[in-house]
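Please read the structure below before turning to the comments.
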Amino acid sequence: MTINLKDFYPWYTQDEYIEVSDEIAEELLADQRYEKAHRRRIYRNKAHYTLDADNGIEASACFSAPSPQEIVEYGQTICRLCWALNSLSEAQGRRIEAHYILGMSCQAIAKAEGVDESAVRSAIKRGLLGMKKYLKKSL
């Protein structure tokens, strides 16, 4: 089946026709029907101008999906943070990851590593300063 990419992707400004299998074409059409039904539901429930509707419809009306550019920028930010985290010593990186990513308390980290809690807090503080310097230097 031949489809026009301009009909399915808003960033295509000119007609671009490609051959796809029937299953893919059906999925694209089903998604398009779902999006139209969603827009109708938002309009019918008056969620396009009020926040009084139920079932989370107002949240979907207020918060749109991120654009492709926002997704790329978010990915680049995550990469920079990973590089900054990898620039630290092993102990600092492990403790920052445990505290901020895994949500462990400083006390739990200290107990797991068999060190004093003040050493964990100090390593996290120094690690964050090191990440800040690395990010300033890389930007």
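As shown in the structure tokens, the chain order sets the letters A, B, ...; within each chain, residues go from 1, and ligands are also counted from 1 in the order they appear.
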Report task. Return as a count of residues only the full set of residues in stretch 71-129 of chain A whose backbone-based DSSP assignment is alpha helix (DSSP H). Result -> 44
Requested in this report: Show which residues sit within 10 Å of A:Gly93, as a list in words. Count only C-alpha atoms, and ignore same-chain residues fewer than 6 positions away.
Outcome: Cys82, Ala84, Leu85, Asn86, Ser87, His99, Ala123, Ile124, Gly127, Leu128 and Met131 of chain A
Query raised in the report: What residues in chain A get the DSSP label strand (DSSP E)? Please answer as a PyMOL selection string.
Result: chain A and resi 2-4+17-19
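Close contacts of stretch 4-6 of chain A, defined as residues with an atom at most 12 Å away when counting only C-alpha atoms, with chain neighbours fewer than 3 positions off set aside, comprise A:Met1, A:Tyr9, A:Pro10, A:Trp11, A:Tyr12, A:Thr13, A:Gln14, A:Asp15, A:Glu16, A:Tyr17, A:Ile18, A:Glu19, A:Val20, A:Ala25, A:Leu28, A:Leu29.
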Query raised in the report: Do you know which residues are at most 10 Å from A:Ala119 counting only C-alpha atoms, after dropping those on the same chain fewer than 6 positions away, and could you put them as a VMD selection string?
Result: chain A and resid 106 110 125
Using N, CA, C and O atoms, can you write the selected residues to a file as a compact mmCIF listing (two decimals), in the first residue's frame?
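In the end it all went to again-v4.txt:
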```
# COMPACT_ATOMS: atom_id res chain seq x y z
N CYS A 106 21.25 8.82 52.77
CA CYS A 106 22.69 8.79 53.07
C CYS A 106 23.00 7.75 54.14
O CYS A 106 24.03 7.08 54.09
N ALA A 110 25.55 4.64 53.70
CA ALA A 110 26.66 4.45 54.64
C ALA A 110 26.62 3.05 55.26
O ALA A 110 27.66 2.40 55.39
N LYS A 125 28.49 15.72 48.21
CA LYS A 125 28.66 17.17 48.04
C LYS A 125 29.83 17.46 47.09
O LYS A 125 29.71 18.25 46.16
```
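If only C-alpha atoms are the atoms counted, then among A:Ser21, A:Phe8, A:Leu135, A:Ile42 the closest residue to A:Cys79 is A:Leu135.
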